[in-house]
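Engineer: One structure is given below, represented as structure tokens, and several questions about it will come after.
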Amino acid sequence: MGITSDGSCRAVRSLSVVSIESPAGLSTHGCDAGDEPLLLRACRGEHVERVPVWFMRQAGRSLPEYRDVRKRADLFEICRTPELAAEVTLQPVRRLDVDAAILFSDITLPLAAAGIDLAIVAGVGPVIAEPIRSAADLRRLRPFDPDRDAPYVAETVRIAVAELDRPLIGFAGGPFTLASYLIEGGPSKTHARTRQMMYGEPLLWRRLLDALADIAIASLRSQITAGAQAVQIFDSWVGVLNPDSYRDFVLPSARRIFSGIADLGVPRIHFGVGTGELLPLLAAAGADVVGVDWRVPLERARARLGAEIALQGNLDPALCLAPWEVLAERVTAVLDRGGNTGHIFNLGHGVLPETSPDALRRIVEHVREHGASRQATADVEWDALGV
Ligand code: CP3
């Protein structure tokens, strides 16, 4: 495999002509020895010749080829069929030429595999038949053994990694976010019952979060062993907490997850939405990279986190729906703010389903062209920006 003039790994050979029936047509080349992929170097906080780019939720409904697969199988059926899940994992790499693949699965899948009656309901999200609200309910959440309960996940990783010439990111749900689905019984705007248990029944809360941390550790260790080269913990909804509550009620379990996979040596990304005030705590959990949503200017995140932690983000996902001139200017602004040292370009949250794949493809090209040799913007007071 060649390394291009900008140092990136060459796209996999003939990716675009490969069908589900003949995945073996994909190249099995990896990066040349000694040339660690851009994504991994950026995760380690290194200065890179070009900012790497991938998108949270890059596989899924924004891609017509995913919608085609989805006609034949529902989300969990895809996840439980390694050939299909690997195919869907590779789709955005082919079409968008992003610098990393992310495993196709769902944060709630290990819960279903650990005994929870859970469905993904169209237009709603994950719905749990019998929410967990007492110590007796908690018994329904069995310990999770990936080899026994969800062997198809590691198999998906193995198939996808064999086809890829760039890193595959594994992932797990963060403890607050999974606890919220289990306690509320489905998506919630206020997370009121969740916070009620957290404040009112701290011992039960702690047991639940520790059980969820153990599920995440088992799942991530299995994905890494199968070949995932980086992992992301999605604690998507934890931004509803203030720093004191996060520190007292979530940080111990988050630390448990990060330290539970530390020996495996892969970069660990920690992400949540609306977490501007929590960024230092997300890092303190043990992350190498902190995901930043679109509300926080990257230089502000850098000032809060210091130079040791890499940043991932943070284009507003809704900008992908804007005219290209508007979008391009904002992509450049993210590159300017993030700089080339320890920055991974991404959206500030997942790709919206109505996003055109062409917009995503143009973003990747724009990052390739403009993501070289940038100095991060220094943090400045907002007054100095004239606002
Ligand atoms: O490229 C990828 O990121 C795809 C793999 C992936 C999925 N879910 C597949 C999926 C990943 C990384 C996730 C993570 C996930 N799942 C998160 C964290 C990321 C975030 O967005 O904050 C969360 C909170 C969930 C829970 C979940 N699963 C929700 C809220 C939904 C409904 C979303 C919707 O828009 O309807 C799901 C279903 C789901 N997971 C879909 C996909 C592609 C869409 C449903 C479908 O195809 O039937």
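Chain labels A, B, ... are given in the sequence in which chains occur in the structure tokens; within each chain residues are numbered consecutively from 1, and ligands are likewise numbered from 1 in the order shown.
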Kindly compile the residues surrounding ligand 1 within 8 Å, counting only C-alpha atoms and all ligand atoms, and format them as a VMD selection string.
Structural biologist: chain A and resid 55 to 61 67 70 74 to 75 89 92 101 to 108 120 to 126 171 to 173 177 187 234 to 237 272 to 273 349 to 350 352 to 353
Engineer: Could you take the residues named above and write them with N, CA and C atoms, as a short mmCIF file (atom, residue, chain, number, x, y, z; two decimals), in the first residue's frame?
Structural biologist:
```cif
data_model
loop_
_atom_site.label_atom_id
_atom_site.label_comp_id
_atom_site.auth_asym_id
_atom_site.auth_seq_id
_atom_site.Cartn_x
_atom_site.Cartn_y
_atom_site.Cartn_z
N PHE A 55 -16.48 10.62 10.94
CA PHE A 55 -17.73 11.20 11.43
C PHE A 55 -18.44 10.24 12.37
N MET A 56 -18.84 10.75 13.53
CA MET A 56 -19.69 9.94 14.39
C MET A 56 -20.98 9.64 13.63
N ARG A 57 -21.45 8.41 13.72
CA ARG A 57 -22.63 7.93 13.00
C ARG A 57 -22.46 8.04 11.48
N GLN A 58 -21.24 7.79 11.02
CA GLN A 58 -20.98 7.86 9.57
C GLN A 58 -21.65 6.71 8.82
N ALA A 59 -21.84 5.58 9.49
CA ALA A 59 -22.59 4.48 8.88
C ALA A 59 -24.04 4.67 9.30
N GLY A 60 -24.96 4.41 8.40
CA GLY A 60 -26.35 4.55 8.82
C GLY A 60 -27.18 5.25 7.77
N ARG A 61 -28.25 5.85 8.26
CA ARG A 61 -29.32 6.23 7.34
C ARG A 61 -28.97 7.32 6.33
N ARG A 67 -29.38 2.06 3.67
CA ARG A 67 -30.85 1.92 3.62
C ARG A 67 -31.23 0.68 2.82
N ARG A 70 -30.75 -2.22 5.09
CA ARG A 70 -31.76 -2.10 6.16
C ARG A 70 -33.14 -2.59 5.71
N ASP A 74 -33.38 -5.70 10.22
CA ASP A 74 -33.45 -4.55 11.15
C ASP A 74 -32.10 -4.33 11.82
N LEU A 75 -32.02 -3.27 12.62
CA LEU A 75 -30.72 -2.87 13.16
C LEU A 75 -30.00 -4.01 13.89
N THR A 89 -20.12 -1.41 8.09
CA THR A 89 -18.98 -0.70 8.68
C THR A 89 -18.09 -0.10 7.59
N PRO A 92 -19.13 3.60 4.67
CA PRO A 92 -18.70 5.00 4.69
C PRO A 92 -17.22 5.18 4.34
N ALA A 101 -12.73 3.70 10.22
CA ALA A 101 -14.05 3.07 10.26
C ALA A 101 -14.50 3.03 11.71
N ILE A 102 -15.81 3.01 11.94
CA ILE A 102 -16.30 2.72 13.29
C ILE A 102 -17.17 1.47 13.19
N LEU A 103 -16.94 0.58 14.12
CA LEU A 103 -17.70 -0.67 14.17
C LEU A 103 -19.18 -0.39 14.03
N PHE A 104 -19.88 -1.16 13.22
CA PHE A 104 -21.34 -1.03 13.18
C PHE A 104 -21.94 -1.91 14.26
N SER A 105 -22.54 -1.24 15.24
CA SER A 105 -23.22 -1.91 16.34
C SER A 105 -24.08 -0.85 17.00
N ASP A 106 -24.48 -1.03 18.22
CA ASP A 106 -25.19 0.03 18.93
C ASP A 106 -24.79 -0.02 20.39
N ILE A 107 -24.84 1.14 21.06
CA ILE A 107 -24.45 1.15 22.47
C ILE A 107 -25.37 0.28 23.33
N THR A 108 -26.61 0.07 22.86
CA THR A 108 -27.55 -0.70 23.67
C THR A 108 -27.46 -2.21 23.40
N ILE A 120 -35.21 -1.31 19.30
CA ILE A 120 -34.99 0.02 18.71
C ILE A 120 -36.27 0.33 17.92
N VAL A 121 -37.01 1.31 18.38
CA VAL A 121 -38.28 1.65 17.75
C VAL A 121 -38.07 2.82 16.79
N ALA A 122 -38.52 2.63 15.54
CA ALA A 122 -38.31 3.66 14.51
C ALA A 122 -38.90 4.99 14.96
N GLY A 123 -38.14 6.02 14.79
CA GLY A 123 -38.60 7.37 15.15
C GLY A 123 -38.57 7.66 16.64
N VAL A 124 -38.24 6.65 17.45
CA VAL A 124 -38.20 6.85 18.91
C VAL A 124 -36.78 6.65 19.43
N GLY A 125 -36.21 5.46 19.16
CA GLY A 125 -34.90 5.11 19.69
C GLY A 125 -35.02 3.86 20.54
N PRO A 126 -34.05 3.61 21.42
CA PRO A 126 -34.09 2.39 22.24
C PRO A 126 -35.24 2.44 23.25
N PHE A 171 -16.38 0.72 20.15
CA PHE A 171 -17.04 1.65 21.06
C PHE A 171 -17.92 0.94 22.08
N ALA A 172 -18.29 1.73 23.09
CA ALA A 172 -19.24 1.27 24.10
C ALA A 172 -20.01 2.48 24.60
N GLY A 173 -21.18 2.21 25.17
CA GLY A 173 -21.96 3.29 25.78
C GLY A 173 -21.37 3.66 27.12
N THR A 177 -25.36 7.31 30.20
CA THR A 177 -26.27 7.22 29.06
C THR A 177 -27.02 5.89 29.06
N PRO A 187 -35.78 7.01 25.48
CA PRO A 187 -35.13 8.33 25.43
C PRO A 187 -35.84 9.32 26.34
N PHE A 234 -19.15 6.52 24.30
CA PHE A 234 -20.20 7.51 24.04
C PHE A 234 -21.03 7.68 25.31
N ASP A 235 -20.73 8.72 26.11
CA ASP A 235 -21.66 9.02 27.21
C ASP A 235 -22.49 10.22 26.75
N SER A 236 -23.28 9.97 25.71
CA SER A 236 -23.90 11.05 24.95
C SER A 236 -24.71 12.02 25.80
N TRP A 237 -25.44 11.52 26.79
CA TRP A 237 -26.41 12.39 27.48
C TRP A 237 -25.92 12.88 28.84
N GLY A 272 -19.31 13.24 25.00
CA GLY A 272 -20.69 13.48 25.41
C GLY A 272 -21.16 14.80 24.81
N VAL A 273 -22.46 14.98 24.72
CA VAL A 273 -23.04 16.21 24.16
C VAL A 273 -23.29 17.20 25.30
N HIS A 349 -21.54 16.12 16.99
CA HIS A 349 -22.37 14.97 17.36
C HIS A 349 -22.57 14.17 16.08
N GLY A 350 -23.47 13.20 16.11
CA GLY A 350 -23.57 12.30 14.98
C GLY A 350 -24.14 12.94 13.71
N LEU A 352 -26.60 13.70 10.97
CA LEU A 352 -28.07 13.68 10.95
C LEU A 352 -28.52 12.83 9.76
N PRO A 353 -29.60 12.05 9.94
CA PRO A 353 -30.01 11.12 8.87
C PRO A 353 -30.29 11.82 7.54
#
```
Engineer: As an MDAnalysis selection string, please: the residues near Leu178 (chain A) (cut-off 12 Å, only C-alpha atoms, same-chain neighbours under 5 positions excluded).
Structural biologist: chainID A and resid 106:112 116 118 126:128 131:132 141 172:173 183:188 191 194 208:213 215:216 233:238 250
Engineer: From the options A:Leu311, A:Ile257, A:Asp248, A:Arg142, which residue's atoms come nearest to Phe271 (chain A), counting only C-alpha atoms?
Structural biologist: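 Closest to Phe271 (chain A) of all the choices is A:Leu311.
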Engineer: If we count only C-alpha atoms and set the cut-off at 12 Å, which residues sit around Ser259 (chain A), ignoring sequence neighbours fewer than 3 positions away in its own chain? Please answer as a list in words.
Structural biologist: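 Answer for this query is Ala213, Asp214, Ala216, Ile217, Leu220, Arg221, Leu251, Pro252, Ser253, Ala254, Arg255, Arg256, Ala262, Asp263, Leu264, Gly265, Val266, Arg268, Ala284, Ala285, Gly286, Ala287 and Asp288 of chain A.
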Engineer: Report, in Å with one decimal, the straight-line distance from CA of Asp336 (chain A) to CA of Leu38 (chain A).
Structural biologist: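 The value is 18.1 Å.
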Engineer: Skip region 292-299 of chain A itself and residues of its chain fewer than 6 positions away, then list as a tab-separated table (two decimals) with C-alpha atoms, in the first residue's frame all residues within 8 Å of it, counting only C-alpha atoms.
Structural biologist:
```tsv
chain	number	residue	atom	x	y	z
A	271	PHE	CA	-17.46	11.92	24.21
A	272	GLY	CA	-20.69	13.48	25.41
A	273	VAL	CA	-23.04	16.21	24.16
A	274	GLY	CA	-23.34	19.51	26.04
A	275	THR	CA	-20.28	18.76	28.13
A	276	GLY	CA	-18.48	22.13	27.98
A	279	LEU	CA	-14.48	18.53	29.72
A	311	LEU	CA	-9.40	16.93	20.91
A	312	GLN	CA	-11.98	15.49	18.55
A	313	GLY	CA	-14.62	17.59	16.85
A	314	ASN	CA	-16.51	19.78	16.42
A	315	LEU	CA	-18.49	20.97	13.39
A	316	ASP	CA	-22.19	21.59	14.05
A	317	PRO	CA	-23.88	18.56	12.37
A	334	VAL	CA	-12.78	24.22	12.88
A	337	ARG	CA	-9.28	26.48	15.89
A	338	GLY	CA	-8.15	22.89	16.33
A	347	LEU	CA	-18.76	16.62	13.84
A	348	GLY	CA	-19.83	17.85	17.28
A	349	HIS	CA	-22.37	14.97	17.36
A	376	ALA	CA	-4.27	26.21	16.71
A	377	THR	CA	-5.94	29.51	17.52
A	378	ALA	CA	-4.93	30.71	20.96
A	379	ASP	CA	-7.76	30.99	23.45
```
Engineer: Which residue gives the smallest distance to Gln223 (chain A) among A:Ala179, A:Val290, A:Leu90, A:Val153, with only C-alpha atoms counted?
Structural biologist: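 The answer is A:Val153, which sits nearest to Gln223 (chain A).
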